[in-house]
There are 2 protein chains.
Amino acid sequence: MPVTLSEFRSGMRALAAPVNVITTAIAGERGGLTATAVISLTAEPPQLGVAVNKANGSLKLIEKAGIFAVNVLTHDQLDIGNVFAGATDARGEARFKVGTWATMVTGAPVLKQAKANFDCRVITCFELSTHVLFVGMIEAVRVNAAADPLLYADGCYGGFVRKESREFAQQLALQALELNTAAVFDSPW
Amino acid sequence: MPVTLSEFRSGMRALAAPVNVITTAIAGERGGLTATAVISLTAEPPQLGVAVNKANGSLKLIEKAGIFAVNVLTHDQLDIGNVFAGATDARGEARFKVGTWATMVTGAPVLKQAKANFDCRVITCFELSTHVLFVGMIEAVRVNAAADPLLYADGCYGGFVRKESREFAQQLALQALELNTAAVFDSPW
């Protein structure tokens with residue numbers, strides 16, 4: 001017997017993931033949603049997958065347009081993630097008032113200053129009960145190597161910290177403790 | 001025209017991801033591989049997807065067994081990730097010498113002390129050139145909420161740090177600088 005909805009959710013919260021804004025456009029109409037469900041599929045040809053809820057207004061637009069972009073957010077783009085997650089009243093075109101948008105090859109909106117942009121053409125899609133998994137051929141990529149990604153895990157927003165930094169942070173915390181300048185260091189490490 | 005292999009790789013490196021060991025078993029034969037390509041698909045029913053390279057020896061075993069487990073590694077299980085990534089000579093059963101293994105519902109090997117375990121039954125699979133995307137119905141979940149996940153991003157291993165911790169870490173770094181005890185704080189934040 002499958003697990004319950006609450007067990008599913010508790011499991012998925014344990015899977016840390018980048019926060020992405022998936023966008024599309026057709027004949028001047030733009031739409032987008034925030035999603036963590038993005039997967040690397042094949043390197044040759046370069047393909048990725050995006051799972052979109054059928055209840056989301058942008059799904060039909062992606063189907064019609066046949067293109068989408070995955071915009072990987074940086075830690076200071078949480079406000080953009082919130083708008084595309086529907087946390088504000090903004091719908092459709094109004095969501096693009098936050099951030100600076102351009103296009104690359106397919107015409108799907110790409111967010112400038114994102115951690116990365118994947119500009120994709122829909123190759124095929126698979127229907128899975130409540131969701132559609134779009135498989136996209138990557139037509140263009142832009143990476144901002146220096147940017148810090150925005151991650152979501154355990155119900156919290158956060159970021160990536162390198163293993164070496166962890167040890168350094170621990171050393172700093174110990175120094176702080178010894179100097180009695182900070183009693184608690186709540187790094188998850 | 002799709003992007004080149006090197007563009008694909010540079011894009012994917014920007015997508016921070018948990019490091020997982022995917023395992024399977026049939027008639028006493030166990031196999032497994034390390035993979036970051038895991039995606040949440042639908043909550044109702046509880047389904048996830050895993051993309052496995054056809055060149056990987058465990059693919060045939062998953063197909064035969066019709067079951068797999070996703071074991072989300074903690075930051076101190078990097079050695080296990082390396083073994084299942086083929087960084088050592090260990091193949092097949094020999095890989096299970098690292099870590100402590102049990103089973104839940106399906107019989108697929110689940111790693112104790114992992115950040116999370118998803119015990120899945122294969123519902124369907126999609127062939128995508130070099131890879132197969134297995135869709136698994138989640139039959140059991142175990143979560144270790146307190147554990148710190150092992151993440152991979154920008155070609156480095158690391159972990160998740162909460163947004164609030166970031167500000168605290170920055171304060172510590174500033175204090176360290178003022179006290180001249182550490183000249184560089186290389187947190188990505």
# chains A, B, ... in the order shown; residues from 1 in each chain; ligands from 1
call {"tool": "closest_atom_pairs", "arguments": {"of": "stretch 28-114 of chain A", "to": "stretch 131-154 of chain A", "cutoff": "6 Å", "atoms": "only C-alpha atoms", "output": "Markdown table"}}
result
| residue | atom | partner | partner_atom | distance |
| --- | --- | --- | --- | --- |
| A:Pro46 | CA | A:Ile138 | CA | 5.6 |
| A:Gln47 | CA | A:Met137 | CA | 4.6 |
| A:Leu48 | CA | A:Gly136 | CA | 5.4 |
| A:Gly49 | CA | A:Val135 | CA | 4.5 |
| A:Val50 | CA | A:Phe134 | CA | 5.3 |
| A:Ala51 | CA | A:Leu133 | CA | 4.3 |
| A:Val52 | CA | A:His131 | CA | 5.4 |
| A:Asn53 | CA | A:His131 | CA | 4.4 |
| A:Lys54 | CA | A:His131 | CA | 5.3 |
| A:Leu73 | CA | A:Leu150 | CA | 5.7 |
| A:Thr74 | CA | A:Pro149 | CA | 4.1 |
| A:His75 | CA | A:Leu150 | CA | 4.1 |
call {"tool": "residues_around", "arguments": {"residues": "A:Gly81", "least_positions_apart": "2", "cutoff": "12 Å", "atoms": "only C-alpha atoms", "output": "PyMOL selection string"}}
result
chain A and resi 18-23+32-36+71-79+83-88+95-96+98-99+111+114+150-152+157
call {"tool": "atom_distance", "arguments": {"atom1": "atom CA of B:Ala37", "atom2": "atom CA of A:Ala16"}}
result
12.3 Å
call {"tool": "atom_distance", "arguments": {"atom1": "atom CA of A:Lys97", "atom2": "atom CA of A:Arg30"}}
result
11.5 Å
call {"tool": "atom_distance", "arguments": {"atom1": "atom CA of B:Ala102", "atom2": "atom CA of B:Ala25"}}
result
11.6 Å
call {"tool": "select_by_dssp", "arguments": {"residues": "stretch 45-163 of chain B", "states": "strand (DSSP E or B)", "output": "ChimeraX atom specification"}}
result
/B:47-53,67-72,74,101-103,109-111,116-128,131-143,149,151-153,156-162
call {"tool": "write_last_selection", "arguments": {"atoms": "C-alpha atoms", "output": "mmCIF file, in the first residue's frame"}}
result
data_model
loop_
_atom_site.group_PDB
_atom_site.id
_atom_site.type_symbol
_atom_site.label_atom_id
_atom_site.label_comp_id
_atom_site.auth_asym_id
_atom_site.auth_seq_id
_atom_site.Cartn_x
_atom_site.Cartn_y
_atom_site.Cartn_z
ATOM 1 C CA GLN B 47 5.280 8.745 -6.896
ATOM 2 C CA LEU B 48 8.851 9.756 -7.645
ATOM 3 C CA GLY B 49 11.142 9.346 -10.644
ATOM 4 C CA VAL B 50 14.747 8.200 -10.959
ATOM 5 C CA ALA B 51 16.836 8.508 -14.137
ATOM 6 C CA VAL B 52 19.345 5.665 -14.566
ATOM 7 C CA ASN B 53 21.993 5.395 -17.279
ATOM 8 C CA ILE B 67 11.566 -2.382 -7.031
ATOM 9 C CA PHE B 68 14.096 0.221 -5.892
ATOM 10 C CA ALA B 69 14.913 2.347 -2.892
ATOM 11 C CA VAL B 70 16.161 5.919 -2.886
ATOM 12 C CA ASN B 71 18.550 6.460 0.020
ATOM 13 C CA VAL B 72 19.252 10.162 0.597
ATOM 14 C CA THR B 74 23.811 12.510 5.044
ATOM 15 C CA TRP B 101 21.422 -2.101 5.374
ATOM 16 C CA ALA B 102 17.895 -3.298 6.072
ATOM 17 C CA THR B 103 14.652 -3.677 4.117
ATOM 18 C CA PRO B 109 17.998 -2.433 0.455
ATOM 19 C CA VAL B 110 17.533 0.662 2.625
ATOM 20 C CA LEU B 111 20.473 2.401 4.259
ATOM 21 C CA ALA B 116 15.677 9.630 4.140
ATOM 22 C CA ASN B 117 14.651 6.355 2.501
ATOM 23 C CA PHE B 118 11.980 5.954 -0.170
ATOM 24 C CA ASP B 119 11.017 2.321 -0.737
ATOM 25 C CA CYS B 120 9.434 2.088 -4.201
ATOM 26 C CA ARG B 121 7.718 -0.305 -6.592
ATOM 27 C CA VAL B 122 8.254 0.416 -10.308
ATOM 28 C CA ILE B 123 4.950 1.528 -11.855
ATOM 29 C CA THR B 124 6.179 2.408 -15.305
ATOM 30 C CA CYS B 125 9.343 3.535 -17.029
ATOM 31 C CA PHE B 126 10.190 5.809 -19.931
ATOM 32 C CA GLU B 127 13.133 5.307 -22.237
ATOM 33 C CA LEU B 128 15.019 8.492 -23.100
ATOM 34 C CA HIS B 131 18.687 6.749 -19.767
ATOM 35 C CA VAL B 132 15.584 5.085 -18.389
ATOM 36 C CA LEU B 133 13.311 7.091 -16.105
ATOM 37 C CA PHE B 134 11.779 4.730 -13.569
ATOM 38 C CA VAL B 135 8.532 5.907 -11.969
ATOM 39 C CA GLY B 136 8.162 4.430 -8.513
ATOM 40 C CA MET B 137 5.131 4.168 -6.260
ATOM 41 C CA ILE B 138 6.371 4.948 -2.757
ATOM 42 C CA GLU B 139 5.448 2.056 -0.468
ATOM 43 C CA ALA B 140 7.359 3.232 2.597
ATOM 44 C CA VAL B 141 9.203 6.345 3.758
ATOM 45 C CA ARG B 142 11.610 6.898 6.616
ATOM 46 C CA VAL B 143 12.943 10.347 7.434
ATOM 47 C CA PRO B 149 21.984 16.032 3.835
ATOM 48 C CA LEU B 151 24.599 17.956 -1.428
ATOM 49 C CA TYR B 152 26.514 18.299 -4.676
ATOM 50 C CA ALA B 153 26.781 21.616 -6.515
ATOM 51 C CA CYS B 156 31.790 20.247 -4.932
ATOM 52 C CA TYR B 157 30.262 18.338 -2.064
ATOM 53 C CA GLY B 158 28.615 20.390 0.613
ATOM 54 C CA GLY B 159 25.536 20.860 2.723
ATOM 55 C CA PHE B 160 22.442 22.906 3.334
ATOM 56 C CA VAL B 161 22.594 25.975 5.502
ATOM 57 C CA ARG B 162 19.455 27.841 6.534
#
call {"tool": "closest_residue", "arguments": {"among": "B:Leu41, B:Ala27, B:Ser6, B:Arg91", "to": "chain A", "atoms": "only C-alpha atoms"}}
result
B:Leu41
call {"tool": "closest_residue", "arguments": {"among": "B:Ile80, B:Thr100, B:Thr24, B:Gly92", "to": "B:Glu63", "atoms": "only C-alpha atoms"}}
result
B:Thr24
call {"tool": "closest_residue", "arguments": {"among": "A:Lys115, A:Ile62, A:Asn56, A:Gly155", "to": "chain B", "atoms": "only C-alpha atoms"}}
result
A:Lys115
